[in-house]
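Visitor: Got a structure for you, written out below as structure tokens; questions coming shortly.
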Amino acid sequence: MAEISAPTHRSPARWLVVAIPYIWLVLFFAAPFFIILKISLSDTAIAMPPYTPVFQGFGDIGSFFGGLDLDNYSFLAEDPLYLDAYLSSLRIAFISTLLLLLIGYPMALAMARAPSTIRPTLMMLVILPFWTSFLIRVYAWIGILKPEGLLTLLLQTLHILGPDDQVQIYRTDWAVFIGIVYSYLPFMVLPLYAALEKMDGTLLEAASDLGCPPWKAFWRITFPLSLPGVIAGSMICFIPITGEFVIPDLLGGASTLMIGKTLWTEFFGNRDWPLASAVAVLLLLALVVPIVIFQNQQRKVT
């Protein structure tokens with residue numbers, strides 16, 4: 001009996017499905033990145049746009065490499081302000097991500113172990129803040145944390161503070177941490193909940209039958225199985241927090257130095273687009289390179 005061979009050609013629809021993500025990355029990641037990279041290698045000029053292009057067309061490739069200007073990157077290496085801004089941003093992002101993990105993990109665990117009938121309600125409560133504008137929610141924290149705000153009024157009403165005492169949190173790093181944790185908490189809870197909800201509960205029952213205490217079962221079973229959610233939630237939060245601008249600008253003080261605010265100042269205050277682009281390129285590389293290395297290591301392990 002003759003065998004029927006499967007067709008070797010692939011349908012155009014299949015190629016389209018594969019190509020769409022790559023087209024999206026090229027249009028909305030690679031192309032903007034190379035535009036910023038080009039501007040970062042240009043010279044500042046009093047014009048509109050305020051830089052001297054170094055690449056006019058594909059026929060100008062030879063002069064392009066000869067006209068590259070690395071002075072912006074040299075200036076970033078020489079001026080300690082930008083290094084301090086990078087380090088401060090990484091520090092705030094790391095502490096904020098750790099706080100988000102400490103607060104979000106118990107919430108996600110409670111949601112995953114709640115009865116299935118109320119899980120949709122708990123999920124809705126987590127994403128409910130997204131129904132309100134991000135900017136309005138940050139402005140609300142100004143009314144809460146400022147010295148004459150609601151927090152001071154509440155503590156005075158409870159006689160924790162005296163009538164003339166005020167809470168001095170607004171315009172400090174603490175206010176930035178509060179605003180970041182509140183704003184990014186759903187981004188940490190949802191990946192954790194997705195990982196914990198899929199966990200097989202019989203593993204904990206077996207550990208209990210074998211005499212394993214609950215805290216040990218958590219560290220030996222629950223937490224290792226939830227590591228994909230921990231890593232995903234941490235990356236989803238850490239990366240945008242590093243470049244955060246709105247929350248430090250509205251809740252932070254003059255001493256709150258973050259690279260997002262420095263970037264905005266260079267673009268719109270000093271109108272130094274090449275230098276600001278160099279700051280953006282280095283920020284992107286500082287975030288993307290460790291992620292790529294981590295993914296390669298994970299691929300080798302698996």
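Each chain of the structure tokens is named A, B, ... in the order shown, its residues numbered from 1; ligands are numbered from 1 in display order.
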Which neighbours of region 193-205 of chain A fall inside 9 Å, counting only C-alpha atoms, when residues of the same chain fewer than 6 positions from it are skipped, and could you give them as a ChimeraX atom specification?

Guide: /A:105,107-113,212,214,217-218,221-223,225-230

Visitor: Going by DSSP on the backbone, which bits of region 137-180 of chain A are helix (DSSP H, G or I)? Write them as a PyMOL selection string, please.

Guide: chain A and resi 137-145+150-157+173-180

Visitor: Can you pull out the residues contacting Val246 (chain A)? Cut-off 8 Å, using only C-alpha atoms, and skip same-chain residues under 3 positions away; I want them as a list in words.

Guide: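 Residues meeting the cut-off are Leu135, Asp249 and Leu250 of chain A.
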
Visitor: Env of Leu98 (chain A): 10 Å cut, atoms = only C-alpha atoms, seq-sep filter 4 positions within chain, self excluded. Answer as number ranges by chain.

Guide: A: 92-94, 102-104, 181, 234, 237-238

Visitor: Export, as a PDB file, in the first residue's frame, the selected residues with N, CA and C atoms.

Guide:
```pdb
ATOM      1  N   ILE A  92      16.914  52.246  43.817  1.00  0.00           N
ATOM      2  CA  ILE A  92      15.485  52.428  44.078  1.00  0.00           C
ATOM      3  C   ILE A  92      14.674  51.318  43.431  1.00  0.00           C
ATOM      4  N   ALA A  93      15.053  50.920  42.214  1.00  0.00           N
ATOM      5  CA  ALA A  93      14.329  49.845  41.535  1.00  0.00           C
ATOM      6  C   ALA A  93      14.495  48.526  42.266  1.00  0.00           C
ATOM      7  N   PHE A  94      15.703  48.247  42.778  1.00  0.00           N
ATOM      8  CA  PHE A  94      15.933  46.991  43.495  1.00  0.00           C
ATOM      9  C   PHE A  94      15.147  46.948  44.798  1.00  0.00           C
ATOM     10  N   LEU A 102       7.818  41.150  48.624  1.00  0.00           N
ATOM     11  CA  LEU A 102       7.437  40.835  49.999  1.00  0.00           C
ATOM     12  C   LEU A 102       5.950  41.075  50.239  1.00  0.00           C
ATOM     13  N   ILE A 103       5.380  42.075  49.591  1.00  0.00           N
ATOM     14  CA  ILE A 103       3.957  42.370  49.763  1.00  0.00           C
ATOM     15  C   ILE A 103       3.107  41.541  48.804  1.00  0.00           C
ATOM     16  N   GLY A 104       3.568  41.401  47.571  1.00  0.00           N
ATOM     17  CA  GLY A 104       2.757  40.731  46.556  1.00  0.00           C
ATOM     18  C   GLY A 104       2.711  39.229  46.697  1.00  0.00           C
ATOM     19  N   VAL A 181       5.456  51.209  44.899  1.00  0.00           N
ATOM     20  CA  VAL A 181       4.871  49.938  45.351  1.00  0.00           C
ATOM     21  C   VAL A 181       3.373  49.917  45.082  1.00  0.00           C
ATOM     22  N   SER A 234       9.346  40.119  38.938  1.00  0.00           N
ATOM     23  CA  SER A 234      10.468  40.995  39.280  1.00  0.00           C
ATOM     24  C   SER A 234      10.964  41.749  38.060  1.00  0.00           C
ATOM     25  N   CYS A 237       8.513  44.466  36.907  1.00  0.00           N
ATOM     26  CA  CYS A 237       8.522  45.641  37.775  1.00  0.00           C
ATOM     27  C   CYS A 237       9.862  46.380  37.724  1.00  0.00           C
ATOM     28  N   PHE A 238      10.969  45.623  37.788  1.00  0.00           N
ATOM     29  CA  PHE A 238      12.284  46.251  37.903  1.00  0.00           C
ATOM     30  C   PHE A 238      12.621  47.112  36.685  1.00  0.00           C
TER      31      PHE A 238
END
```

Visitor: One decimal, in Å: what's the spacing between CA of Pro274 (chain A) and CA of Ala77 (chain A)?

Guide: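 These two atoms are separated by 14.7 Å.
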
Visitor: Restricting the calculation to only C-alpha atoms, which member of A:Phe134, A:Tyr139, A:Trp24, A:Trp219 is positioned closest to Ala207 (chain A)?

Guide: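 Checking each candidate against Ala207 (chain A), we get A:Trp219 as the closest.
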
Visitor: To one decimal place in Å, what is the distance between CA of Trp264 (chain A) and CA of Glu244 (chain A)?

Guide: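 Separating CA of Trp264 (chain A) from CA of Glu244 (chain A) is a distance of 10.7 Å.
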
Visitor: Set the distance at 12 Å and use only C-alpha atoms: which residues neighbour Leu81 (chain A) once local chain neighbours fewer than 4 positions away are removed? I'd like the list as a list in words.

Guide: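 The residues that qualify are Phe75, Leu76, Ala77, Ala85, Tyr86, Leu87, Ser88, Leu257, Met258, Ile259, Thr262, Leu263 and Val279 of chain A.
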
Visitor: Check region 26-257 of chain A with DSSP on the backbone and list each residue it calls strand (DSSP E), as a list in words.

Guide: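 Listing strand (DSSP E) positions across region 26-257 of chain A yields Asp43, Thr44, Tyr51 and Thr52 of chain A.
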
Visitor: For region 46-51 of chain A, list every protein, DNA or RNA residue within 8 Å, evaluated using only C-alpha atoms, and leave out those in the same chain fewer than 3 positions away; present the list as a list in words.

Guide: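 Answer for this query is Ile39, Ser42, Asp43, Arg271, Asp272, Trp273 and Pro274 of chain A.
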
Visitor: What's around Leu37 (chain A) at 10 Å? Count only C-alpha atoms, leave out sequence neighbours fewer than 2 positions away in its own chain, and write the answer as a list in words.

Guide: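 Once the adjacent positions are removed, what remains is Ala31, Pro32, Phe33, Phe34, Ile35, Ile39, Ser40, Leu41, Ser42, Pro274, Ser277, Ala278, Ala280, Val281 and Leu282 of chain A.
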
Visitor: Any chance you could export the current selection's N, CA and C atoms as an mmCIF file, in the first residue's frame?

Guide:
```
data_model
loop_
_atom_site.group_PDB
_atom_site.id
_atom_site.type_symbol
_atom_site.label_atom_id
_atom_site.label_comp_id
_atom_site.auth_asym_id
_atom_site.auth_seq_id
_atom_site.Cartn_x
_atom_site.Cartn_y
_atom_site.Cartn_z
ATOM 1 N N ALA A 31 13.794 49.687 15.358
ATOM 2 C CA ALA A 31 13.841 50.955 14.622
ATOM 3 C C ALA A 31 13.978 52.158 15.566
ATOM 4 N N PRO A 32 13.157 52.285 16.623
ATOM 5 C CA PRO A 32 13.367 53.415 17.544
ATOM 6 C C PRO A 32 14.734 53.393 18.216
ATOM 7 N N PHE A 33 15.220 52.180 18.530
ATOM 8 C CA PHE A 33 16.536 52.102 19.172
ATOM 9 C C PHE A 33 17.626 52.636 18.257
ATOM 10 N N PHE A 34 17.609 52.266 16.974
ATOM 11 C CA PHE A 34 18.642 52.731 16.056
ATOM 12 C C PHE A 34 18.510 54.223 15.778
ATOM 13 N N ILE A 35 17.291 54.747 15.839
ATOM 14 C CA ILE A 35 17.118 56.199 15.694
ATOM 15 C C ILE A 35 17.771 56.918 16.871
ATOM 16 N N ILE A 39 21.073 59.436 16.928
ATOM 17 C CA ILE A 39 21.090 60.780 17.521
ATOM 18 C C ILE A 39 22.197 60.881 18.566
ATOM 19 N N SER A 40 22.423 59.786 19.337
ATOM 20 C CA SER A 40 23.444 59.822 20.378
ATOM 21 C C SER A 40 24.844 59.980 19.814
ATOM 22 N N LEU A 41 25.042 59.629 18.555
ATOM 23 C CA LEU A 41 26.348 59.762 17.899
ATOM 24 C C LEU A 41 26.466 61.041 17.081
ATOM 25 N N SER A 42 25.514 61.943 17.280
ATOM 26 C CA SER A 42 25.508 63.214 16.548
ATOM 27 C C SER A 42 26.020 64.339 17.432
ATOM 28 N N PRO A 274 21.442 64.746 21.635
ATOM 29 C CA PRO A 274 22.472 63.712 21.539
ATOM 30 C C PRO A 274 22.892 63.151 22.894
ATOM 31 N N SER A 277 20.062 61.062 24.301
ATOM 32 C CA SER A 277 19.981 59.785 23.594
ATOM 33 C C SER A 277 21.062 58.829 24.071
ATOM 34 N N ALA A 278 22.242 59.347 24.339
ATOM 35 C CA ALA A 278 23.314 58.498 24.873
ATOM 36 C C ALA A 278 22.924 57.947 26.244
ATOM 37 N N ALA A 280 19.881 57.347 27.210
ATOM 38 C CA ALA A 280 18.855 56.342 26.959
ATOM 39 C C ALA A 280 19.453 55.040 26.435
ATOM 40 N N VAL A 281 20.450 55.143 25.561
ATOM 41 C CA VAL A 281 21.086 53.941 25.011
ATOM 42 C C VAL A 281 21.777 53.149 26.112
ATOM 43 N N LEU A 282 22.532 53.822 26.964
ATOM 44 C CA LEU A 282 23.218 53.130 28.050
ATOM 45 C C LEU A 282 22.226 52.514 29.036
#
```
